[in-house]
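**Q** My structure is stored as my_file-v8.tsv, with TSV, C-alpha atoms and all ligand atoms.
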chain	number	residue	atom	x	y	z
H	1	MET	CA	-126.60	-66.66	125.69
H	2	ALA	CA	-124.71	-68.42	128.48
H	3	GLN	CA	-124.90	-66.68	131.84
H	4	LEU	CA	-121.72	-65.44	133.49
H	5	SER	CA	-121.19	-66.45	137.10
H	6	VAL	CA	-118.13	-64.76	138.56
H	7	ASN	CA	-116.11	-66.86	140.99
H	8	ILE	CA	-114.93	-64.43	143.66
H	9	ASN	CA	-112.58	-66.76	145.57
H	10	LYS	CA	-109.53	-64.87	144.32
H	11	ILE	CA	-110.83	-61.63	145.82
H	12	ALA	CA	-110.98	-63.38	149.18
H	13	THR	CA	-107.46	-64.74	148.66
H	14	LEU	CA	-106.18	-61.19	148.19
H	15	ARG	CA	-108.03	-60.01	151.28
H	16	ASN	CA	-106.69	-62.91	153.34
H	17	ALA	CA	-103.11	-62.05	152.37
H	18	ARG	CA	-103.25	-58.96	154.62
H	19	GLY	CA	-106.01	-59.62	157.12
H	20	GLY	CA	-108.55	-56.82	157.40
H	21	ASN	CA	-111.32	-56.44	154.87
H	22	MET	CA	-109.71	-55.09	151.71
H	23	PRO	CA	-110.85	-55.90	149.14
H	24	ASN	CA	-114.34	-56.32	150.54
H	25	VAL	CA	-115.80	-59.53	149.15
H	26	VAL	CA	-119.41	-58.58	149.76
H	27	LYS	CA	-119.02	-55.19	148.08
H	28	ALA	CA	-117.20	-56.83	145.17
H	29	ALA	CA	-120.07	-59.28	144.68
H	30	ILE	CA	-122.66	-56.50	144.71
H	31	ASP	CA	-120.60	-54.44	142.22
H	32	ILE	CA	-120.03	-57.44	139.93
H	33	GLU	CA	-123.77	-57.95	139.81
H	34	GLY	CA	-124.20	-54.24	139.14
H	35	PHE	CA	-121.85	-54.57	136.16
H	36	GLY	CA	-124.19	-57.17	134.70
H	37	ALA	CA	-122.89	-60.60	135.75
H	38	GLN	CA	-125.76	-63.01	136.20
H	39	GLY	CA	-124.29	-64.98	139.07
H	40	ILE	CA	-121.78	-65.19	141.90
H	41	THR	CA	-119.84	-68.39	142.58
H	42	VAL	CA	-117.92	-69.27	145.73
H	43	HIS	CA	-115.86	-72.33	146.50
H	44	PRO	CA	-115.36	-72.64	150.27
H	45	ARG	CA	-112.59	-75.12	150.99
H	46	PRO	CA	-112.28	-76.93	154.34
H	47	ASP	CA	-109.24	-74.83	155.37
H	48	GLU	CA	-111.07	-71.60	154.36
H	49	ARG	CA	-107.92	-70.29	152.66
H	50	HIS	CA	-109.99	-68.38	150.10
H	51	ILE	CA	-113.67	-67.80	150.80
H	52	THR	CA	-114.59	-68.45	154.42
H	53	TYR	CA	-117.77	-70.10	155.62
H	54	GLN	CA	-118.76	-66.76	157.16
H	55	ASP	CA	-118.25	-65.07	153.74
H	56	VAL	CA	-120.71	-67.54	152.27
H	57	ARG	CA	-123.28	-66.66	154.94
H	58	ASP	CA	-122.73	-62.91	154.45
H	59	LEU	CA	-122.93	-63.19	150.66
H	60	SER	CA	-126.11	-65.22	150.78
H	61	LYS	CA	-127.87	-62.21	152.33
H	62	VAL	CA	-126.91	-59.80	149.54
H	63	VAL	CA	-126.49	-61.76	146.31
H	64	SER	CA	-129.52	-60.97	144.18
H	65	THR	CA	-128.50	-62.91	141.06
H	66	GLU	CA	-127.81	-66.66	141.00
H	67	PHE	CA	-125.76	-67.80	143.97
H	68	ASN	CA	-123.71	-70.91	143.23
H	69	ILE	CA	-121.74	-72.71	145.93
H	70	GLU	CA	-119.25	-75.29	144.73
H	71	GLY	CA	-117.16	-77.77	146.62
H	72	ASN	CA	-116.55	-81.29	147.79
H	73	PRO	CA	-119.63	-82.45	149.68
H	74	ASN	CA	-118.05	-83.25	153.04
H	75	PRO	CA	-120.41	-83.00	156.05
H	76	LYS	CA	-119.42	-79.39	156.86
H	77	PHE	CA	-120.02	-78.33	153.26
H	78	ILE	CA	-123.39	-80.09	153.13
H	79	ASP	CA	-124.49	-78.37	156.36
H	80	LEU	CA	-123.44	-74.95	155.02
H	81	VAL	CA	-125.28	-75.42	151.73
H	82	LEU	CA	-128.43	-76.59	153.48
H	83	GLU	CA	-128.25	-73.60	155.84
H	84	VAL	CA	-127.65	-71.02	153.09
H	85	LYS	CA	-129.84	-72.60	150.40
H	86	PRO	CA	-128.19	-71.13	147.29
H	87	HIS	CA	-129.84	-71.39	143.88
H	88	GLN	CA	-127.29	-73.96	142.77
H	89	VAL	CA	-124.74	-76.27	144.33
H	90	THR	CA	-121.91	-77.62	142.19
H	91	LEU	CA	-120.30	-80.78	143.52
H	92	VAL	CA	-116.57	-81.08	142.90
H	93	PRO	CA	-114.35	-84.02	143.89
H	94	ASP	CA	-111.39	-81.85	144.93
H	95	ALA	CA	-108.92	-83.18	147.46
H	96	ILE	CA	-108.35	-81.10	150.60
H	97	ASP	CA	-104.81	-80.19	149.54
H	98	ALA	CA	-105.58	-79.51	145.86
H	99	ILE	CA	-104.50	-76.00	144.81
H	100	THR	CA	-107.60	-75.89	142.64
H	101	SER	CA	-110.10	-78.40	141.26
H	102	ASN	CA	-108.20	-80.82	139.10
H	103	ALA	CA	-110.60	-83.56	137.96
H	104	GLY	CA	-114.23	-84.29	137.28
H	105	TRP	CA	-116.29	-86.95	139.05
H	106	ASP	CA	-116.09	-90.59	138.10
H	107	THR	CA	-119.87	-90.72	137.79
H	108	LYS	CA	-119.86	-94.47	137.26
H	109	THR	CA	-117.94	-95.41	140.41
H	110	HIS	CA	-119.55	-92.76	142.62
H	111	LYS	CA	-123.05	-92.99	141.21
H	112	ASN	CA	-124.80	-94.08	144.41
H	113	TYR	CA	-122.94	-91.58	146.58
H	114	LEU	CA	-123.78	-88.74	144.18
H	115	ARG	CA	-127.39	-89.82	143.83
H	116	GLU	CA	-127.86	-89.67	147.61
H	117	ILE	CA	-126.34	-86.19	147.98
H	118	ILE	CA	-128.08	-84.82	144.90
H	119	HIS	CA	-131.40	-86.09	146.22
H	120	LEU	CA	-130.78	-84.31	149.52
H	121	PHE	CA	-130.05	-80.97	147.84
H	122	LYS	CA	-132.86	-81.26	145.31
H	123	SER	CA	-135.37	-82.07	148.02
H	124	ASN	CA	-134.30	-78.75	149.60
H	125	ASN	CA	-135.06	-76.97	146.32
H	126	ILE	CA	-131.41	-76.41	145.43
H	127	ARG	CA	-130.45	-77.01	141.80
H	128	THR	CA	-127.56	-79.42	141.44
H	129	SER	CA	-124.62	-79.54	139.08
H	130	ILE	CA	-121.68	-81.92	139.08
H	131	PHE	CA	-118.20	-81.24	137.75
H	132	VAL	CA	-117.28	-83.71	134.98
H	133	ASP	CA	-114.58	-84.21	132.39
H	134	PRO	CA	-115.69	-83.92	128.77
H	135	ASP	CA	-116.23	-87.66	128.49
H	136	VAL	CA	-119.42	-89.02	126.94
H	137	ASP	CA	-119.40	-92.06	129.21
H	138	MET	CA	-119.13	-89.92	132.37
H	139	VAL	CA	-121.93	-87.67	131.12
H	140	SER	CA	-124.18	-90.61	130.39
H	141	HIS	CA	-123.62	-92.06	133.89
H	142	ALA	CA	-124.30	-88.59	135.33
H	143	LYS	CA	-127.88	-89.00	134.19
H	144	ASP	CA	-128.40	-91.79	136.74
H	145	THR	CA	-127.34	-89.52	139.60
H	146	GLY	CA	-130.41	-87.35	139.03
H	147	THR	CA	-128.36	-84.18	138.67
H	148	ASP	CA	-129.99	-81.17	137.00
H	149	ARG	CA	-126.79	-80.05	135.33
H	150	ILE	CA	-123.18	-80.92	134.71
H	151	GLU	CA	-120.29	-78.47	134.74
H	152	LEU	CA	-117.79	-79.39	132.04
H	153	TYR	CA	-114.23	-79.12	133.34
H	154	THR	CA	-112.55	-76.88	130.78
H	155	GLU	CA	-108.87	-77.03	131.78
H	156	ASP	CA	-108.01	-79.31	128.84
H	157	TYR	CA	-109.84	-77.02	126.45
H	158	ALA	CA	-107.91	-73.99	127.72
H	159	LYS	CA	-104.59	-75.82	127.50
H	160	THR	CA	-105.07	-77.01	123.93
H	161	TYR	CA	-106.86	-73.91	122.65
H	162	PHE	CA	-103.74	-72.07	121.49
H	163	LYS	CA	-102.28	-75.09	119.70
H	164	ASN	CA	-105.43	-76.23	117.96
H	165	ARG	CA	-108.79	-74.84	118.98
H	166	ASP	CA	-110.80	-77.25	116.80
H	167	LEU	CA	-109.12	-80.19	118.49
H	168	ALA	CA	-109.52	-78.50	121.88
H	169	ILE	CA	-113.29	-78.25	121.56
H	170	GLU	CA	-114.00	-81.70	120.05
H	171	ASN	CA	-114.69	-83.66	123.26
H	172	TYR	CA	-116.70	-80.78	124.69
H	173	VAL	CA	-119.02	-80.77	121.70
H	174	LEU	CA	-119.56	-84.53	122.02
H	175	ALA	CA	-120.09	-84.38	125.79
H	176	SER	CA	-122.48	-81.45	125.57
H	177	LYS	CA	-124.53	-83.16	122.84
H	178	GLU	CA	-124.82	-86.23	125.06
H	179	ALA	CA	-125.88	-84.10	128.02
H	180	TYR	CA	-128.44	-82.22	125.96
H	181	SER	CA	-129.92	-85.44	124.57
H	182	LEU	CA	-130.29	-86.75	128.15
H	183	GLY	CA	-131.98	-83.57	129.33
H	184	ILE	CA	-129.07	-82.48	131.50
H	185	GLY	CA	-128.25	-78.74	131.60
H	186	ILE	CA	-124.72	-77.70	130.67
H	187	ASN	CA	-122.45	-75.39	132.65
H	188	ALA	CA	-118.70	-75.04	132.16
H	189	GLY	CA	-115.71	-73.71	134.00
H	190	HIS	CA	-112.00	-73.65	134.80
H	191	ASP	CA	-109.34	-71.62	133.02
H	192	LEU	CA	-111.84	-69.89	130.78
H	193	SER	CA	-110.60	-66.43	129.87
H	194	LEU	CA	-111.17	-63.45	127.59
H	195	GLU	CA	-108.98	-65.22	125.04
H	196	ASN	CA	-110.77	-68.56	124.86
H	197	ILE	CA	-114.36	-67.89	125.99
H	198	GLU	CA	-115.83	-66.69	122.71
H	199	PHE	CA	-114.94	-69.80	120.71
H	200	PHE	CA	-116.15	-72.01	123.54
H	201	SER	CA	-119.53	-70.33	123.87
H	202	GLN	CA	-120.01	-70.26	120.09
H	203	SER	CA	-119.15	-73.96	119.78
H	204	ILE	CA	-121.27	-75.36	122.62
H	205	SER	CA	-124.95	-74.94	121.91
H	206	ASN	CA	-127.24	-74.92	124.91
H	207	LEU	CA	-124.50	-73.73	127.26
H	208	LYS	CA	-126.35	-72.38	130.27
H	209	GLU	CA	-123.62	-70.93	132.45
H	210	VAL	CA	-119.89	-70.39	132.71
H	211	SER	CA	-118.16	-69.84	136.02
H	212	ILE	CA	-114.95	-67.84	135.75
H	213	GLY	CA	-112.59	-66.68	138.48
H	214	HIS	CA	-108.83	-66.71	138.09
H	215	ALA	CA	-108.48	-65.21	134.62
H	216	LEU	CA	-111.27	-62.71	135.16
H	217	ILE	CA	-109.61	-61.30	138.28
H	218	CYS	CA	-106.14	-61.26	136.62
H	219	GLU	CA	-107.59	-59.50	133.58
H	220	SER	CA	-109.32	-56.99	135.84
H	221	LEU	CA	-105.95	-56.15	137.41
H	222	TYR	CA	-104.30	-55.59	134.05
H	223	LEU	CA	-107.20	-53.63	132.61
H	224	GLY	CA	-107.27	-51.45	135.71
H	225	LEU	CA	-103.53	-50.91	136.26
H	226	GLU	CA	-103.10	-48.01	133.87
H	227	THR	CA	-105.95	-46.03	135.39
H	228	VAL	CA	-104.76	-46.61	138.93
H	229	VAL	CA	-101.07	-45.87	138.28
H	230	LYS	CA	-102.08	-42.62	136.53
H	231	SER	CA	-104.38	-41.74	139.43
H	232	TYR	CA	-101.49	-42.11	141.90
H	233	LEU	CA	-99.21	-39.99	139.72
H	234	SER	CA	-101.89	-37.34	139.52
H	235	LYS	CA	-102.31	-37.27	143.32
H	236	LEU	CA	-98.54	-37.10	143.82
H	237	SER	CA	-98.19	-34.19	141.44
H	238	SER	CA	-101.01	-32.12	142.87
W	301	LIG	N1	-115.46	-74.50	138.35
W	301	LIG	C1	-114.94	-75.18	139.39
W	301	LIG	C2	-115.60	-76.43	139.82
W	301	LIG	C3	-113.83	-74.69	140.08
W	301	LIG	O1	-113.32	-75.36	141.11
W	301	LIG	C4	-113.25	-73.47	139.67
W	301	LIG	C5	-112.08	-72.92	140.42
W	301	LIG	O2	-112.39	-72.77	141.76
W	301	LIG	C6	-113.83	-72.81	138.58
W	301	LIG	C7	-114.92	-73.34	137.93
W	301	LIG	C8	-113.29	-71.50	138.08
W	301	LIG	O3	-112.02	-71.72	137.52
W	301	LIG	P1	-111.09	-70.49	137.21
W	301	LIG	O4	-110.75	-69.84	138.52
W	301	LIG	O5	-109.90	-71.09	136.52
W	301	LIG	O6	-111.87	-69.56	136.32
For the structure just supplied, provide its representation as structure tokens.
Ligand code: PXP
**A**
Amino acid sequence: MAQLSVNINKIATLRNARGGNMPNVVKAAIDIEGFGAQGITVHPRPDERHITYQDVRDLSKVVSTEFNIEGNPNPKFIDLVLEVKPHQVTLVPDAIDAITSNAGWDTKTHKNYLREIIHLFKSNNIRTSIFVDPDVDMVSHAKDTGTDRIELYTEDYAKTYFKNRDLAIENYVLASKEAYSLGIGINAGHDLSLENIEFFSQSISNLKEVSIGHALICESLYLGLETVVKSYLSKLSS
């Protein structure tokens, strides 16, 4: 069974909208683990608009499942990861102004750069994963970077799923077979949701981990709204 790593960036975004510490990111992480998730993912961006660097430090002291830090390996990010030493680092080529990650690595062009950074993290006993599109060629070049795992970028899958799920999964099956044959572990993430996760996990054998944030937090709001609205009504009527 693939492990679920919950990306808690959105909880920090909500907190940052008001200042203060509600919702409390550290408490949320501990509770998410208590509910059974096998990992916590954070994606600190240089402008710290979601998770802050201090959040990452605070979380590293309490996360007892797998701690995964993802991001573009700029010098500040590299220093933070080496300081915190999470179980896994996921390297993502996101631009500073990107709303969210929007492409996988070109593992052919950036092979030497990735190899150097991956070596640095691995020599500090941090497992490495790199974000890649579901492209057999990119997966095969990923092997030369020395990475332990790849994270398949699932936005295309999620977009096509409702039109034609068999078509949506095709490239992911091919890419994951290539990764498996090369001895690279397979993670996946982006736009996975309660609606599309089951077919994905059933179709990709050897899937080790999914990292899910946006949909999971939106779904939590909807699934919780009824209870909370009724709780307010009950308080108002007492
Ligand atoms: N994986 C990577 C590399 C990401 O950048 C993100 C979003 O921060 C995710 C997974 C999770 O995507 P989503 O929030 O759509 O579940």
**Q** Could you tell me how far atom CA of Val89 of chain H lies from atom CA of Leu14 of chain H, in Å and to one decimal?
**A**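 According to the coordinates, atom CA of Val89 of chain H and atom CA of Leu14 of chain H are separated by 24.2 Å.
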**Q** Would you mind reading off the distance between atom CA of Val136 of chain H and atom CA of Leu174 of chain H, one decimal, in Å?
**A**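 Going from atom CA of Val136 of chain H over to atom CA of Leu174 of chain H covers 6.7 Å.
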**Q** For the contact check between chain H and ligand LIG 301 (chain W), emit one row per residue of chain H within 6 Å, containing the shortest atom pair and the distance in Å rounded to one decimal, counting only C-alpha atoms and all ligand atoms, chain then rising number order, as CSV.
**A**
residue,atom,partner,partner_atom,distance
H:His43,CA,W:LIG301,O2,5.9
H:Val92,CA,W:LIG301,C2,5.7
H:Thr100,CA,W:LIG301,O2,5.8
H:Ser101,CA,W:LIG301,O1,4.4
H:Phe131,CA,W:LIG301,C2,5.8
H:Gly189,CA,W:LIG301,C7,4.0
H:His190,CA,W:LIG301,O3,3.3
H:Asp191,CA,W:LIG301,O5,3.6
H:Leu192,CA,W:LIG301,O6,5.5
H:Ser211,CA,W:LIG301,C7,5.1
H:Ile212,CA,W:LIG301,O6,3.6
H:Gly213,CA,W:LIG301,O4,3.7
H:His214,CA,W:LIG301,O4,3.7
H:Ala215,CA,W:LIG301,O6,5.8
**Q** Asn187 of chain H: which residues within 8 Å, counting only C-alpha atoms, same-chain residues fewer than 3 positions away excluded, as an mmCIF file with C-alpha atoms, keeping the file's coordinate frame?
**A**
data_model
loop_
_atom_site.group_PDB
_atom_site.id
_atom_site.type_symbol
_atom_site.label_atom_id
_atom_site.label_comp_id
_atom_site.auth_asym_id
_atom_site.auth_seq_id
_atom_site.Cartn_x
_atom_site.Cartn_y
_atom_site.Cartn_z
ATOM 1 C CA SER H 129 -124.620 -79.540 139.080
ATOM 2 C CA ARG H 149 -126.790 -80.050 135.330
ATOM 3 C CA ILE H 150 -123.180 -80.920 134.710
ATOM 4 C CA GLU H 151 -120.290 -78.470 134.740
ATOM 5 C CA LEU H 152 -117.790 -79.390 132.040
ATOM 6 C CA LEU H 207 -124.500 -73.730 127.260
ATOM 7 C CA LYS H 208 -126.350 -72.380 130.270
ATOM 8 C CA GLU H 209 -123.620 -70.930 132.450
ATOM 9 C CA VAL H 210 -119.890 -70.390 132.710
ATOM 10 C CA SER H 211 -118.160 -69.840 136.020
#
**Q** Mind listing whatever residues come within 12 Å of the point (-107.0, -63.4, 156.5)? Use all atoms listed in the file, file coordinates, and give them as a list in words.
**A**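 Protein, DNA and RNA residues close to (-107.0, -63.4, 156.5): Ile11, Ala12, Thr13, Leu14, Arg15, Asn16, Ala17, Arg18, Gly19, Gly20, Asn21, Met22, Pro23, Asn24, Asp47, Glu48, Arg49, His50, Ile51, Thr52 and Asp55 of chain H.
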**Q** How many Å separate atom CA of Ala37 of chain H from atom CA of Leu4 of chain H?
**A**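 So the two atoms, atom CA of Ala37 of chain H and atom CA of Leu4 of chain H, lie 5.5 Å apart.
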**Q** From the list H:Ser203, H:Asn68, H:Thr160, H:Thr147, which residue is nearest Gly183 of chain H when using all atoms listed in the file?
**A**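 Using all atoms listed in the file, Gly183 of chain H sits closest to H:Thr147.
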**Q** Which residue gives the smallest distance to Asp135 of chain H among H:Asp58, H:Asp148, H:Glu219, H:Glu170, with only C-alpha atoms counted?
**A**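 Among H:Asp58, H:Asp148, H:Glu219, H:Glu170, it is H:Glu170 that comes nearest to Asp135 of chain H.
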**Q** For segment 1-13 of chain H in the structure I just supplied, write out all heavy atoms - as a PDB file, in the first residue's frame.
**A**
ATOM      1  N   MET H   1       0.842  -1.202   0.000  1.00  0.00           N
ATOM      2  CA  MET H   1       0.000   0.000   0.000  1.00  0.00           C
ATOM      3  C   MET H   1       0.880   1.256   0.000  1.00  0.00           C
ATOM      4  O   MET H   1       1.838   1.331   0.756  1.00  0.00           O
ATOM      5  CB  MET H   1      -0.859  -0.038   1.269  1.00  0.00           C
ATOM      6  CG  MET H   1      -1.882   1.062   1.366  1.00  0.00           C
ATOM      7  SD  MET H   1      -2.783   0.952   2.950  1.00  0.00           S
ATOM      8  CE  MET H   1      -2.419   2.548   3.643  1.00  0.00           C
ATOM      9  N   ALA H   2       0.519   2.216  -0.855  1.00  0.00           N
ATOM     10  CA  ALA H   2       1.292   3.471  -0.874  1.00  0.00           C
ATOM     11  C   ALA H   2       1.058   4.228   0.433  1.00  0.00           C
ATOM     12  O   ALA H   2      -0.032   4.213   0.992  1.00  0.00           O
ATOM     13  CB  ALA H   2       0.845   4.325  -2.052  1.00  0.00           C
ATOM     14  N   GLN H   3       2.097   4.888   0.902  1.00  0.00           N
ATOM     15  CA  GLN H   3       1.977   5.684   2.120  1.00  0.00           C
ATOM     16  C   GLN H   3       1.405   7.064   1.785  1.00  0.00           C
ATOM     17  O   GLN H   3       1.686   7.605   0.708  1.00  0.00           O
ATOM     18  CB  GLN H   3       3.365   5.876   2.716  1.00  0.00           C
ATOM     19  CG  GLN H   3       4.114   4.568   2.897  1.00  0.00           C
ATOM     20  CD  GLN H   3       4.485   4.332   4.333  1.00  0.00           C
ATOM     21  OE1 GLN H   3       5.156   5.135   4.935  1.00  0.00           O
ATOM     22  NE2 GLN H   3       4.029   3.227   4.858  1.00  0.00           N
ATOM     23  N   LEU H   4       0.643   7.600   2.716  1.00  0.00           N
ATOM     24  CA  LEU H   4       0.062   8.935   2.522  1.00  0.00           C
ATOM     25  C   LEU H   4       0.879   9.971   3.293  1.00  0.00           C
ATOM     26  O   LEU H   4       0.988   9.905   4.527  1.00  0.00           O
ATOM     27  CB  LEU H   4      -1.386   8.950   3.032  1.00  0.00           C
ATOM     28  CG  LEU H   4      -2.051  10.339   3.080  1.00  0.00           C
ATOM     29  CD1 LEU H   4      -2.202  10.917   1.669  1.00  0.00           C
ATOM     30  CD2 LEU H   4      -3.417  10.263   3.768  1.00  0.00           C
ATOM     31  N   SER H   5       1.461  10.900   2.545  1.00  0.00           N
ATOM     32  CA  SER H   5       2.127  12.030   3.188  1.00  0.00           C
ATOM     33  C   SER H   5       1.253  13.260   2.954  1.00  0.00           C
ATOM     34  O   SER H   5       0.957  13.618   1.812  1.00  0.00           O
ATOM     35  CB  SER H   5       3.521  12.239   2.581  1.00  0.00           C
ATOM     36  OG  SER H   5       4.178  13.293   3.262  1.00  0.00           O
ATOM     37  N   VAL H   6       0.828  13.881   4.028  1.00  0.00           N
ATOM     38  CA  VAL H   6      -0.081  15.025   3.901  1.00  0.00           C
ATOM     39  C   VAL H   6       0.734  16.320   3.822  1.00  0.00           C
ATOM     40  O   VAL H   6       1.536  16.619   4.706  1.00  0.00           O
ATOM     41  CB  VAL H   6      -1.078  15.088   5.080  1.00  0.00           C
ATOM     42  CG1 VAL H   6      -1.952  16.332   4.972  1.00  0.00           C
ATOM     43  CG2 VAL H   6      -1.944  13.827   5.099  1.00  0.00           C
ATOM     44  N   ASN H   7       0.506  17.045   2.723  1.00  0.00           N
ATOM     45  CA  ASN H   7       1.168  18.336   2.539  1.00  0.00           C
ATOM     46  C   ASN H   7       0.363  19.394   3.304  1.00  0.00           C
ATOM     47  O   ASN H   7      -0.812  19.621   3.005  1.00  0.00           O
ATOM     48  CB  ASN H   7       1.218  18.655   1.038  1.00  0.00           C
ATOM     49  CG  ASN H   7       1.854  19.998   0.744  1.00  0.00           C
ATOM     50  OD1 ASN H   7       1.619  20.972   1.451  1.00  0.00           O
ATOM     51  ND2 ASN H   7       2.638  20.063  -0.318  1.00  0.00           N
ATOM     52  N   ILE H   8       0.990  20.004   4.302  1.00  0.00           N
ATOM     53  CA  ILE H   8       0.240  20.909   5.183  1.00  0.00           C
ATOM     54  C   ILE H   8       0.452  22.395   4.850  1.00  0.00           C
ATOM     55  O   ILE H   8       0.120  23.269   5.647  1.00  0.00           O
ATOM     56  CB  ILE H   8       0.541  20.628   6.672  1.00  0.00           C
ATOM     57  CG1 ILE H   8       2.037  20.790   6.977  1.00  0.00           C
ATOM     58  CG2 ILE H   8       0.063  19.239   7.067  1.00  0.00           C
ATOM     59  CD1 ILE H   8       2.336  20.746   8.476  1.00  0.00           C
ATOM     60  N   ASN H   9       0.988  22.674   3.666  1.00  0.00           N
ATOM     61  CA  ASN H   9       1.184  24.075   3.269  1.00  0.00           C
ATOM     62  C   ASN H   9      -0.099  24.902   3.360  1.00  0.00           C
ATOM     63  O   ASN H   9      -0.083  26.059   3.763  1.00  0.00           O
ATOM     64  CB  ASN H   9       1.693  24.136   1.822  1.00  0.00           C
ATOM     65  CG  ASN H   9       3.188  24.282   1.773  1.00  0.00           C
ATOM     66  OD1 ASN H   9       3.888  23.560   2.472  1.00  0.00           O
ATOM     67  ND2 ASN H   9       3.687  25.196   0.963  1.00  0.00           N
ATOM     68  N   LYS H  10      -1.208  24.289   2.941  1.00  0.00           N
ATOM     69  CA  LYS H  10      -2.472  25.043   2.882  1.00  0.00           C
ATOM     70  C   LYS H  10      -2.931  25.455   4.279  1.00  0.00           C
ATOM     71  O   LYS H  10      -3.573  26.486   4.453  1.00  0.00           O
ATOM     72  CB  LYS H  10      -3.512  24.183   2.182  1.00  0.00           C
ATOM     73  CG  LYS H  10      -4.604  24.953   1.565  1.00  0.00           C
ATOM     74  CD  LYS H  10      -4.607  24.967   0.038  1.00  0.00           C
ATOM     75  CE  LYS H  10      -3.531  25.770  -0.624  1.00  0.00           C
ATOM     76  NZ  LYS H  10      -3.331  25.428  -2.017  1.00  0.00           N
ATOM     77  N   ILE H  11      -2.590  24.663   5.266  1.00  0.00           N
ATOM     78  CA  ILE H  11      -2.956  25.022   6.646  1.00  0.00           C
ATOM     79  C   ILE H  11      -2.184  26.283   7.050  1.00  0.00           C
ATOM     80  O   ILE H  11      -2.733  27.193   7.674  1.00  0.00           O
ATOM     81  CB  ILE H  11      -2.672  23.835   7.599  1.00  0.00           C
ATOM     82  CG1 ILE H  11      -3.576  22.662   7.195  1.00  0.00           C
ATOM     83  CG2 ILE H  11      -2.897  24.229   9.060  1.00  0.00           C
ATOM     84  CD1 ILE H  11      -3.351  21.396   7.981  1.00  0.00           C
ATOM     85  N   ALA H  12      -0.939  26.343   6.627  1.00  0.00           N
ATOM     86  CA  ALA H  12      -0.135  27.543   6.914  1.00  0.00           C
ATOM     87  C   ALA H  12      -0.676  28.752   6.142  1.00  0.00           C
ATOM     88  O   ALA H  12      -0.671  29.877   6.652  1.00  0.00           O
ATOM     89  CB  ALA H  12       1.325  27.284   6.556  1.00  0.00           C
ATOM     90  N   THR H  13      -1.154  28.518   4.928  1.00  0.00           N
ATOM     91  CA  THR H  13      -1.703  29.624   4.132  1.00  0.00           C
ATOM     92  C   THR H  13      -2.892  30.242   4.856  1.00  0.00           C
ATOM     93  O   THR H  13      -3.041  31.469   4.921  1.00  0.00           O
ATOM     94  CB  THR H  13      -2.164  29.105   2.748  1.00  0.00           C
ATOM     95  OG1 THR H  13      -1.085  28.404   2.156  1.00  0.00           O
ATOM     96  CG2 THR H  13      -2.586  30.232   1.830  1.00  0.00           C
TER      97      THR H  13
END
